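J.: Data file data.txt (compact mmCIF, C-alpha atoms) is appended below.
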# COMPACT_ATOMS: atom_id res chain seq x y z
CA MET A 1 163.25 129.45 -79.48
CA THR A 2 164.69 130.94 -82.68
CA PRO A 3 168.50 130.65 -82.64
CA ALA A 4 170.48 133.89 -82.71
CA LEU A 5 172.79 132.60 -85.40
CA VAL A 6 172.72 129.66 -87.82
CA LEU A 7 175.74 128.25 -89.66
CA ALA A 8 174.61 126.08 -92.55
CA GLY A 9 177.19 123.99 -94.38
CA ILE A 10 180.00 126.51 -93.94
CA THR A 11 183.02 125.59 -96.04
CA LYS A 12 186.19 127.56 -96.72
CA ARG A 13 188.98 126.50 -99.08
CA PHE A 14 192.30 128.25 -99.66
CA GLY A 15 193.50 126.71 -102.89
CA GLY A 16 194.00 123.04 -102.08
CA LEU A 17 193.61 123.57 -98.33
CA GLN A 18 190.14 122.97 -96.88
CA ALA A 19 190.19 125.07 -93.71
CA VAL A 20 186.52 124.60 -92.80
CA GLN A 21 184.42 121.69 -94.04
CA ASP A 22 180.62 121.69 -94.03
CA VAL A 23 180.12 123.10 -90.52
CA THR A 24 176.47 123.31 -89.51
CA ALA A 25 175.39 124.59 -86.08
CA GLU A 26 172.85 126.79 -84.31
CA ILE A 27 173.95 129.36 -81.72
CA ALA A 28 171.22 129.67 -79.10
CA SER A 29 169.96 133.11 -78.12
CA GLY A 30 171.02 134.36 -74.69
CA GLN A 31 173.52 131.57 -74.08
CA ILE A 32 177.31 131.21 -74.11
CA THR A 33 178.49 128.78 -76.77
CA GLY A 34 182.13 127.75 -76.70
CA LEU A 35 184.09 126.87 -79.84
CA ILE A 36 187.14 124.76 -79.08
CA GLY A 37 189.67 122.67 -80.97
CA PRO A 38 193.41 122.26 -81.54
CA ASN A 39 195.47 125.06 -83.08
CA GLY A 40 194.78 125.36 -86.79
CA ALA A 41 191.42 123.60 -86.55
CA GLY A 42 189.55 126.42 -88.32
CA LYS A 43 187.98 128.27 -85.38
CA THR A 44 189.11 131.80 -86.24
CA THR A 45 188.25 131.22 -89.90
CA ILE A 46 184.65 130.52 -88.83
CA PHE A 47 184.56 133.74 -86.80
CA ARG A 48 185.98 135.74 -89.72
CA ILE A 49 183.30 134.32 -92.00
CA ILE A 50 180.52 135.21 -89.55
CA SER A 51 181.86 138.75 -89.07
CA GLY A 52 182.14 139.37 -92.82
CA ALA A 53 185.93 139.60 -92.92
CA MET A 54 186.03 136.52 -95.14
CA ARG A 55 183.57 135.00 -97.62
CA PRO A 56 182.80 131.28 -97.36
CA THR A 57 183.46 129.04 -100.33
CA ALA A 58 180.07 127.44 -99.65
CA GLY A 59 177.33 127.59 -97.06
CA ARG A 60 175.13 130.24 -95.45
CA ILE A 61 175.11 132.45 -92.34
CA VAL A 62 171.66 133.37 -91.00
CA PHE A 63 171.17 135.98 -88.27
CA GLY A 64 167.63 136.03 -86.93
CA ASP A 65 165.51 136.01 -90.08
CA ARG A 66 168.21 137.41 -92.40
CA GLU A 67 170.81 135.66 -94.47
CA ILE A 68 174.01 137.69 -94.07
CA THR A 69 176.42 135.51 -96.08
CA GLY A 70 179.03 137.73 -97.70
CA TRP A 71 177.93 140.94 -96.00
CA SER A 72 180.68 143.46 -95.30
CA PRO A 73 182.12 143.66 -91.75
CA HIS A 74 180.64 147.12 -91.11
CA ALA A 75 177.18 145.97 -92.24
CA VAL A 76 177.38 142.88 -90.00
CA CYS A 77 178.45 145.05 -87.06
CA ARG A 78 175.66 147.56 -87.59
CA LEU A 79 173.18 144.69 -87.71
CA GLY A 80 174.29 143.57 -84.23
CA ILE A 81 177.18 141.08 -84.48
CA CYS A 82 180.54 142.25 -83.15
CA LEU A 83 183.89 140.43 -83.12
CA THR A 84 186.70 140.98 -80.62
CA HIS A 85 190.21 140.01 -81.63
CA GLN A 86 192.75 137.83 -79.85
CA ILE A 87 195.48 140.34 -80.73
CA VAL A 88 193.89 143.58 -79.57
CA ARG A 89 194.36 146.65 -81.75
CA PRO A 90 192.96 149.77 -80.09
CA PHE A 91 193.74 153.18 -81.55
CA PRO A 92 196.96 153.69 -79.51
CA ASP A 93 197.06 157.48 -79.64
CA LEU A 94 193.41 157.96 -78.71
CA THR A 95 192.30 157.90 -75.10
CA VAL A 96 190.42 154.95 -73.67
CA LEU A 97 187.20 157.00 -73.79
CA GLU A 98 187.81 158.09 -77.38
CA ASN A 99 188.38 154.46 -78.43
CA VAL A 100 184.98 153.48 -77.04
CA LEU A 101 183.35 156.63 -78.38
CA VAL A 102 184.31 155.62 -81.93
CA SER A 103 182.46 152.32 -81.49
CA ALA A 104 179.47 153.95 -79.80
CA SER A 105 179.12 156.39 -82.70
CA PHE A 106 179.38 153.66 -85.32
CA GLY A 107 177.51 150.65 -83.96
CA SER A 108 173.99 149.33 -84.12
CA GLY A 109 171.58 152.24 -84.51
CA GLY A 110 174.33 154.91 -84.63
CA ARG A 111 174.10 157.66 -82.01
CA LEU A 112 174.62 161.41 -81.95
CA ARG A 113 177.82 162.54 -80.27
CA HIS A 114 176.23 163.51 -76.94
CA SER A 115 174.33 160.21 -76.60
CA ALA A 116 177.38 158.25 -77.82
CA GLY A 117 179.45 159.94 -75.10
CA ALA A 118 177.02 158.84 -72.39
CA GLU A 119 176.99 155.32 -73.84
CA ALA A 120 180.80 155.17 -73.90
CA GLU A 121 181.07 156.28 -70.28
CA ALA A 122 178.48 153.71 -69.19
CA VAL A 123 180.39 150.95 -70.97
CA LEU A 124 183.68 152.00 -69.34
CA GLU A 125 181.99 151.92 -65.94
CA PHE A 126 180.62 148.44 -66.67
CA THR A 127 184.00 147.07 -67.80
CA GLY A 128 185.96 148.63 -64.93
CA LEU A 129 187.90 151.08 -67.07
CA ILE A 130 186.28 154.36 -66.08
CA ALA A 131 189.31 155.42 -64.00
CA ARG A 132 191.52 154.96 -67.10
CA ARG A 133 189.25 156.92 -69.43
CA ASP A 134 191.69 159.78 -70.11
CA LEU A 135 194.79 157.65 -70.64
CA PRO A 136 196.01 156.81 -74.14
CA ALA A 137 195.16 153.22 -75.01
CA SER A 138 198.89 152.53 -75.45
CA ALA A 139 199.37 153.05 -71.68
CA LEU A 140 197.10 150.15 -70.70
CA THR A 141 198.26 146.74 -69.52
CA LEU A 142 197.39 143.68 -71.61
CA ALA A 143 194.50 142.80 -69.28
CA GLU A 144 193.17 146.34 -69.55
CA ARG A 145 193.52 146.32 -73.35
CA LYS A 146 191.51 143.07 -73.41
CA ARG A 147 188.78 144.78 -71.39
CA LEU A 148 188.95 147.77 -73.71
CA GLU A 149 188.42 145.41 -76.65
CA ILE A 150 185.26 144.11 -74.97
CA ALA A 151 184.19 147.66 -74.11
CA ARG A 152 184.58 148.77 -77.72
CA ALA A 153 182.51 145.78 -78.85
CA LEU A 154 179.77 146.41 -76.27
CA ALA A 155 179.55 150.06 -77.30
CA THR A 156 178.24 148.93 -80.70
CA ARG A 157 175.23 147.43 -78.87
CA PRO A 158 175.64 143.88 -80.19
CA SER A 159 173.04 141.19 -79.76
CA VAL A 160 175.72 138.59 -80.62
CA LEU A 161 179.29 138.97 -79.35
CA LEU A 162 182.09 136.88 -80.88
CA LEU A 163 184.98 136.59 -78.40
CA ASP A 164 188.26 135.31 -79.84
CA GLU A 165 190.52 134.11 -76.99
CA VAL A 166 189.72 136.89 -74.56
CA LEU A 167 191.77 135.09 -71.86
CA ALA A 168 194.95 134.61 -73.91
CA GLY A 169 198.05 135.96 -72.19
CA LEU A 170 196.34 136.72 -68.87
CA ASN A 171 197.51 135.51 -65.47
CA PRO A 172 195.06 133.54 -63.25
CA ALA A 173 193.75 136.59 -61.37
CA GLU A 174 193.27 138.56 -64.61
CA SER A 175 191.59 135.53 -66.22
CA GLN A 176 189.13 135.26 -63.35
CA ARG A 177 188.18 138.92 -63.69
CA ALA A 178 187.69 138.43 -67.43
CA VAL A 179 185.50 135.36 -66.81
CA GLU A 180 183.31 137.38 -64.44
CA LEU A 181 183.02 140.15 -67.04
CA VAL A 182 181.88 137.64 -69.67
CA ARG A 183 179.23 136.34 -67.23
CA GLN A 184 178.02 139.90 -66.64
CA VAL A 185 177.77 140.50 -70.40
CA LYS A 186 175.64 137.36 -70.73
CA ALA A 187 173.43 138.58 -67.86
CA ARG A 188 172.67 141.65 -69.98
CA GLY A 189 171.05 139.37 -72.56
CA VAL A 190 173.91 139.31 -75.07
CA THR A 191 174.43 136.02 -76.92
CA ILE A 192 178.09 135.00 -76.71
CA PHE A 193 180.00 132.73 -79.09
CA MET A 194 183.56 132.34 -77.86
CA ILE A 195 186.81 130.71 -78.94
CA GLU A 196 188.98 129.79 -75.99
CA HIS A 197 191.98 127.57 -75.22
CA VAL A 198 191.69 127.84 -71.43
CA MET A 199 189.62 124.68 -71.02
CA ARG A 200 188.68 125.18 -67.37
CA ALA A 201 187.23 128.60 -68.17
CA VAL A 202 185.38 127.67 -71.35
CA MET A 203 183.86 124.58 -69.73
CA ALA A 204 182.73 126.62 -66.70
CA LEU A 205 181.32 129.48 -68.78
CA SER A 206 179.63 127.68 -71.66
CA ASP A 207 176.07 126.42 -71.81
CA ARG A 208 177.13 124.42 -74.86
CA VAL A 209 180.39 123.57 -76.58
CA LEU A 210 181.21 122.96 -80.24
CA VAL A 211 184.43 121.11 -81.05
CA ILE A 212 186.15 121.47 -84.40
CA ASN A 213 189.14 119.51 -85.71
CA HIS A 214 190.72 119.69 -89.17
CA GLY A 215 187.91 122.04 -90.17
CA ARG A 216 185.11 119.61 -89.27
CA LEU A 217 182.61 119.79 -86.43
CA ILE A 218 183.25 116.64 -84.38
CA ALA A 219 181.13 117.31 -81.26
CA ASP A 220 178.28 119.53 -80.09
CA GLY A 221 176.68 119.42 -76.67
CA PRO A 222 176.85 120.28 -72.96
CA PRO A 223 180.43 120.82 -71.69
CA ALA A 224 180.56 117.75 -69.41
CA HIS A 225 179.30 115.48 -72.18
CA VAL A 226 181.64 116.86 -74.84
CA ALA A 227 184.72 116.63 -72.58
CA ASP A 228 184.27 112.85 -72.23
CA LEU A 229 183.81 112.02 -75.91
CA PRO A 230 186.58 109.79 -77.36
CA GLN A 231 186.84 111.84 -80.57
CA VAL A 232 187.39 115.02 -78.57
CA ILE A 233 190.05 113.44 -76.35
CA GLU A 234 191.76 112.05 -79.44
CA ALA A 235 191.72 115.46 -81.17
CA TYR A 236 193.63 117.00 -78.26
CA LEU A 237 195.81 114.11 -77.09
CA GLY A 238 196.13 111.81 -80.10
CA LYS A 239 195.33 108.13 -80.36
CA ARG A 240 196.24 105.73 -77.59
CA LEU A 241 199.17 103.48 -78.54
CA GLU A 242 198.39 99.80 -78.04
CA GLY A 243 200.90 97.24 -76.86
Could you spell out this file's structure in structure tokens?

T.:
Amino acid sequence: MTPALVLAGITKRFGGLQAVQDVTAEIASGQITGLIGPNGAGKTTIFRIISGAMRPTAGRIVFGDREITGWSPHAVCRLGICLTHQIVRPFPDLTVLENVLVSASFGSGGRLRHSAGAEAEAVLEFTGLIARRDLPASALTLAERKRLEIARALATRPSVLLLDEVLAGLNPAESQRAVELVRQVKARGVTIFMIEHVMRAVMALSDRVLVINHGRLIADGPPAHVADLPQVIEAYLGKRLEG
């Protein structure tokens, strides 16, 4: 099977700081791939490079049969890759429906207003926000704003969805609802690449997990296998002190 996304030798330097170092990985179509690692490991930098918000110093991004390295964010989105943000930023003065309508009008394929409206309503129904459609986005709770962020992304009709800490700041009940929503998105055939610090959730959701530390890929495999690797345990907990 052709991977949905290929990262080939991705490197990013900021002056003397090497934030990402020669990361190579394939993101399988139709699966959930988790990207984990300690704070500052380079995870969000990788997502920003994929989405076009940042150019790599070296390396290539391939989506399907196209190299998209250095493409602009709007071009990447229109092609079918959409990024959600850990710190959600809806248009606060627009209604929930209007927020999603903007994405539906802009995304992959671009729709006329009447078809975009139907698409936006369908997405709000799917994400459980239809009853909040006429409220300003600023009136939503954090959990609802997180769902709105996913709704806005889905309205662009992505084939690959990049989720950056969609569970951050949620209580256990809200987290469980978000986990179920992610599963439902996968069931629709969307490939998901997700950064997450809630280990129980990412291990339960992911078909495969990539682990990055100090900008380098240190593990790649099924969740149960990756969780037991010494280098992964050391990255999170540090080295065992002897004696």

J.: Near segment 78-94 of chain A, within 7 Å and counting only C-alpha atoms, which residues show up once chain neighbours fewer than 2 positions away are dropped, as a ChimeraX atom specification?

T.: /A:51,74-76,96,98-99,107-109,136-138,145-146,149-150,153,157-166

J.: Using only C-alpha atoms, which protein or nucleic acid residues come within 9 Å of segment 167-177 of chain A? Drop anything in the same chain fewer than 5 positions from it, and give the result as a list of chain:residue names.

T.: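 Everything that qualifies: A:Gln86, A:Ile87, A:Leu142, A:Ala143, A:Lys146, A:Val182, A:Glu196, A:His197, A:Val198, A:Ala201.
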
J.: Work out how far apart atom CA of Ile218 of chain A and atom CA of Ile61 of chain A are and give it in Å to one decimal.

T.: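 Separation between atom CA of Ile218 of chain A and atom CA of Ile61 of chain A: 19.5 Å.
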
J.: Place a sphere of radius 12 Å on (186.5, 132.5, -88.1) in the file coordinates and name every protein, DNA or RNA residue with an atom inside or on its surface, counting all atoms listed in the file; give the answer as an mmCIF file with C-alpha atoms, in the frame of the given file.

T.:
data_model
loop_
_atom_site.group_PDB
_atom_site.id
_atom_site.type_symbol
_atom_site.label_atom_id
_atom_site.label_comp_id
_atom_site.auth_asym_id
_atom_site.auth_seq_id
_atom_site.Cartn_x
_atom_site.Cartn_y
_atom_site.Cartn_z
ATOM 1 C CA LEU A 7 175.740 128.250 -89.660
ATOM 2 C CA ILE A 10 180.000 126.510 -93.940
ATOM 3 C CA THR A 11 183.020 125.590 -96.040
ATOM 4 C CA LYS A 12 186.190 127.560 -96.720
ATOM 5 C CA ALA A 19 190.190 125.070 -93.710
ATOM 6 C CA VAL A 20 186.520 124.600 -92.800
ATOM 7 C CA VAL A 23 180.120 123.100 -90.520
ATOM 8 C CA LEU A 35 184.090 126.870 -79.840
ATOM 9 C CA ILE A 36 187.140 124.760 -79.080
ATOM 10 C CA GLY A 40 194.780 125.360 -86.790
ATOM 11 C CA ALA A 41 191.420 123.600 -86.550
ATOM 12 C CA GLY A 42 189.550 126.420 -88.320
ATOM 13 C CA LYS A 43 187.980 128.270 -85.380
ATOM 14 C CA THR A 44 189.110 131.800 -86.240
ATOM 15 C CA THR A 45 188.250 131.220 -89.900
ATOM 16 C CA ILE A 46 184.650 130.520 -88.830
ATOM 17 C CA PHE A 47 184.560 133.740 -86.800
ATOM 18 C CA ARG A 48 185.980 135.740 -89.720
ATOM 19 C CA ILE A 49 183.300 134.320 -92.000
ATOM 20 C CA ILE A 50 180.520 135.210 -89.550
ATOM 21 C CA SER A 51 181.860 138.750 -89.070
ATOM 22 C CA GLY A 52 182.140 139.370 -92.820
ATOM 23 C CA ALA A 53 185.930 139.600 -92.920
ATOM 24 C CA MET A 54 186.030 136.520 -95.140
ATOM 25 C CA ARG A 55 183.570 135.000 -97.620
ATOM 26 C CA PRO A 56 182.800 131.280 -97.360
ATOM 27 C CA LEU A 83 183.890 140.430 -83.120
ATOM 28 C CA THR A 84 186.700 140.980 -80.620
ATOM 29 C CA HIS A 85 190.210 140.010 -81.630
ATOM 30 C CA GLN A 86 192.750 137.830 -79.850
ATOM 31 C CA LEU A 162 182.090 136.880 -80.880
ATOM 32 C CA LEU A 163 184.980 136.590 -78.400
ATOM 33 C CA ASP A 164 188.260 135.310 -79.840
ATOM 34 C CA GLU A 165 190.520 134.110 -76.990
ATOM 35 C CA PHE A 193 180.000 132.730 -79.090
ATOM 36 C CA MET A 194 183.560 132.340 -77.860
ATOM 37 C CA ILE A 195 186.810 130.710 -78.940
ATOM 38 C CA ILE A 212 186.150 121.470 -84.400
ATOM 39 C CA GLY A 215 187.910 122.040 -90.170
#

J.: Determine the nearest neighbour of Gln31 of chain A from the options A:Ala178, A:Ala120, A:Ala227, A:Ala4, counting all atoms listed in the file.

T.: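 Checking each of A:Ala178, A:Ala120, A:Ala227, A:Ala4 against Gln31 of chain A, counting all atoms listed in the file, the winner is A:Ala4.
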
J.: Which residues come within 8 Å of Pro38 of chain A, counting only C-alpha atoms, excluding same-chain residues fewer than 6 positions away, as JSON, numbers by chain?

T.: {"A": [212, 213, 235, 236]}

J.: With all atoms listed in the file as the basis for distance, which of A:Gly15, A:Gly9, A:Gly128, A:Pro222 is at the shortest distance from Ile32 of chain A?

T.: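 Smallest distance to Ile32 of chain A is found for A:Pro222.
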
J.: From the options A:Thr95, A:Thr127, A:Thr156, A:Thr33, which residue's atoms come nearest to Pro223 of chain A, counting only C-alpha atoms?

T.: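 Checking each of A:Thr95, A:Thr127, A:Thr156, A:Thr33 against Pro223 of chain A, counting only C-alpha atoms, the winner is A:Thr33.
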
J.: Determine the nearest neighbour of Val232 of chain A from the options A:Val211, A:Leu217, A:Met203, A:Asp22, counting all atoms listed in the file.

T.: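 Checking each of A:Val211, A:Leu217, A:Met203, A:Asp22 against Val232 of chain A, counting all atoms listed in the file, the winner is A:Val211.
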
J.: Between atom CA of Leu229 of chain A and atom CA of Arg183 of chain A, what is the spacing in Å?

T.: 26.2 Å

J.: Measuring between all atoms listed in the file, which one of A:Cys77, A:Leu97, A:Val102, A:Ala8 shows the shortest distance to Val62 of chain A?

T.: A:Ala8

J.: Tell me which of A:Glu234, A:Gln18, A:Arg66, A:Gly30 sits closest to Ser206 of chain A, counting only C-alpha atoms.

T.: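 Among A:Glu234, A:Gln18, A:Arg66, A:Gly30, it is A:Gly30 that comes nearest to Ser206 of chain A.
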
J.: Please complete segment 209-237 of chain A with N, CA and C atoms and give it back as a PDB file, in the frame of the given file.

T.:
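Final output, saved to selection02.pdb:
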ATOM      1  N   VAL A 209     179.057 123.514 -75.982  1.00  0.00           N
ATOM      2  CA  VAL A 209     180.390 123.570 -76.580  1.00  0.00           C
ATOM      3  C   VAL A 209     180.370 122.883 -77.946  1.00  0.00           C
ATOM      4  N   LEU A 210     180.966 123.556 -78.930  1.00  0.00           N
ATOM      5  CA  LEU A 210     181.210 122.960 -80.240  1.00  0.00           C
ATOM      6  C   LEU A 210     182.703 122.647 -80.325  1.00  0.00           C
ATOM      7  N   VAL A 211     183.023 121.502 -80.894  1.00  0.00           N
ATOM      8  CA  VAL A 211     184.430 121.110 -81.050  1.00  0.00           C
ATOM      9  C   VAL A 211     184.709 120.923 -82.532  1.00  0.00           C
ATOM     10  N   ILE A 212     185.775 121.570 -82.996  1.00  0.00           N
ATOM     11  CA  ILE A 212     186.150 121.470 -84.400  1.00  0.00           C
ATOM     12  C   ILE A 212     187.571 120.931 -84.492  1.00  0.00           C
ATOM     13  N   ASN A 213     187.800 120.069 -85.476  1.00  0.00           N
ATOM     14  CA  ASN A 213     189.140 119.510 -85.710  1.00  0.00           C
ATOM     15  C   ASN A 213     189.321 119.302 -87.199  1.00  0.00           C
ATOM     16  N   HIS A 214     190.453 119.761 -87.726  1.00  0.00           N
ATOM     17  CA  HIS A 214     190.720 119.690 -89.170  1.00  0.00           C
ATOM     18  C   HIS A 214     189.559 120.271 -89.972  1.00  0.00           C
ATOM     19  N   GLY A 215     188.959 121.351 -89.448  1.00  0.00           N
ATOM     20  CA  GLY A 215     187.910 122.040 -90.170  1.00  0.00           C
ATOM     21  C   GLY A 215     186.531 121.429 -90.061  1.00  0.00           C
ATOM     22  N   ARG A 216     186.402 120.294 -89.384  1.00  0.00           N
ATOM     23  CA  ARG A 216     185.110 119.610 -89.270  1.00  0.00           C
ATOM     24  C   ARG A 216     184.575 119.691 -87.849  1.00  0.00           C
ATOM     25  N   LEU A 217     183.263 119.828 -87.734  1.00  0.00           N
ATOM     26  CA  LEU A 217     182.610 119.790 -86.430  1.00  0.00           C
ATOM     27  C   LEU A 217     182.550 118.338 -85.975  1.00  0.00           C
ATOM     28  N   ILE A 218     183.208 118.025 -84.842  1.00  0.00           N
ATOM     29  CA  ILE A 218     183.250 116.640 -84.380  1.00  0.00           C
ATOM     30  C   ILE A 218     182.427 116.410 -83.110  1.00  0.00           C
ATOM     31  N   ALA A 219     181.954 117.467 -82.464  1.00  0.00           N
ATOM     32  CA  ALA A 219     181.130 117.310 -81.260  1.00  0.00           C
ATOM     33  C   ALA A 219     180.348 118.583 -81.013  1.00  0.00           C
ATOM     34  N   ASP A 220     179.174 118.414 -80.386  1.00  0.00           N
ATOM     35  CA  ASP A 220     178.280 119.530 -80.090  1.00  0.00           C
ATOM     36  C   ASP A 220     177.399 119.105 -78.937  1.00  0.00           C
ATOM     37  N   GLY A 221     177.518 119.798 -77.788  1.00  0.00           N
ATOM     38  CA  GLY A 221     176.680 119.420 -76.670  1.00  0.00           C
ATOM     39  C   GLY A 221     177.084 120.114 -75.385  1.00  0.00           C
ATOM     40  N   PRO A 222     176.488 119.705 -74.260  1.00  0.00           N
ATOM     41  CA  PRO A 222     176.850 120.280 -72.960  1.00  0.00           C
ATOM     42  C   PRO A 222     178.330 120.030 -72.660  1.00  0.00           C
ATOM     43  N   PRO A 223     178.988 120.945 -71.940  1.00  0.00           N
ATOM     44  CA  PRO A 223     180.430 120.820 -71.690  1.00  0.00           C
ATOM     45  C   PRO A 223     180.857 119.479 -71.097  1.00  0.00           C
ATOM     46  N   ALA A 224     180.156 118.999 -70.072  1.00  0.00           N
ATOM     47  CA  ALA A 224     180.560 117.750 -69.410  1.00  0.00           C
ATOM     48  C   ALA A 224     180.473 116.569 -70.359  1.00  0.00           C
ATOM     49  N   HIS A 225     179.456 116.570 -71.215  1.00  0.00           N
ATOM     50  CA  HIS A 225     179.300 115.480 -72.180  1.00  0.00           C
ATOM     51  C   HIS A 225     180.407 115.521 -73.229  1.00  0.00           C
ATOM     52  N   VAL A 226     180.648 116.712 -73.774  1.00  0.00           N
ATOM     53  CA  VAL A 226     181.640 116.860 -74.840  1.00  0.00           C
ATOM     54  C   VAL A 226     183.044 116.489 -74.348  1.00  0.00           C
ATOM     55  N   ALA A 227     183.373 116.867 -73.113  1.00  0.00           N
ATOM     56  CA  ALA A 227     184.720 116.630 -72.580  1.00  0.00           C
ATOM     57  C   ALA A 227     185.051 115.142 -72.481  1.00  0.00           C
ATOM     58  N   ASP A 228     184.040 114.285 -72.392  1.00  0.00           N
ATOM     59  CA  ASP A 228     184.270 112.850 -72.230  1.00  0.00           C
ATOM     60  C   ASP A 228     184.213 112.069 -73.536  1.00  0.00           C
ATOM     61  N   LEU A 229     183.942 112.733 -74.645  1.00  0.00           N
ATOM     62  CA  LEU A 229     183.810 112.020 -75.910  1.00  0.00           C
ATOM     63  C   LEU A 229     185.172 111.560 -76.424  1.00  0.00           C
ATOM     64  N   PRO A 230     185.290 110.307 -76.869  1.00  0.00           N
ATOM     65  CA  PRO A 230     186.580 109.790 -77.360  1.00  0.00           C
ATOM     66  C   PRO A 230     187.162 110.615 -78.496  1.00  0.00           C
ATOM     67  N   GLN A 231     186.309 111.092 -79.420  1.00  0.00           N
ATOM     68  CA  GLN A 231     186.840 111.840 -80.570  1.00  0.00           C
ATOM     69  C   GLN A 231     187.409 113.181 -80.147  1.00  0.00           C
ATOM     70  N   VAL A 232     186.873 113.751 -79.071  1.00  0.00           N
ATOM     71  CA  VAL A 232     187.390 115.020 -78.570  1.00  0.00           C
ATOM     72  C   VAL A 232     188.724 114.803 -77.863  1.00  0.00           C
ATOM     73  N   ILE A 233     188.796 113.778 -77.032  1.00  0.00           N
ATOM     74  CA  ILE A 233     190.050 113.440 -76.350  1.00  0.00           C
ATOM     75  C   ILE A 233     191.138 113.129 -77.360  1.00  0.00           C
ATOM     76  N   GLU A 234     190.782 112.394 -78.402  1.00  0.00           N
ATOM     77  CA  GLU A 234     191.760 112.050 -79.440  1.00  0.00           C
ATOM     78  C   GLU A 234     192.242 113.291 -80.186  1.00  0.00           C
ATOM     79  N   ALA A 235     191.342 114.241 -80.449  1.00  0.00           N
ATOM     80  CA  ALA A 235     191.720 115.460 -81.170  1.00  0.00           C
ATOM     81  C   ALA A 235     192.770 116.252 -80.412  1.00  0.00           C
ATOM     82  N   TYR A 236     192.690 116.238 -79.091  1.00  0.00           N
ATOM     83  CA  TYR A 236     193.630 117.000 -78.260  1.00  0.00           C
ATOM     84  C   TYR A 236     194.875 116.206 -77.885  1.00  0.00           C
ATOM     85  N   LEU A 237     194.712 114.913 -77.645  1.00  0.00           N
ATOM     86  CA  LEU A 237     195.810 114.110 -77.090  1.00  0.00           C
ATOM     87  C   LEU A 237     196.380 113.088 -78.054  1.00  0.00           C
TER      88      LEU A 237
END
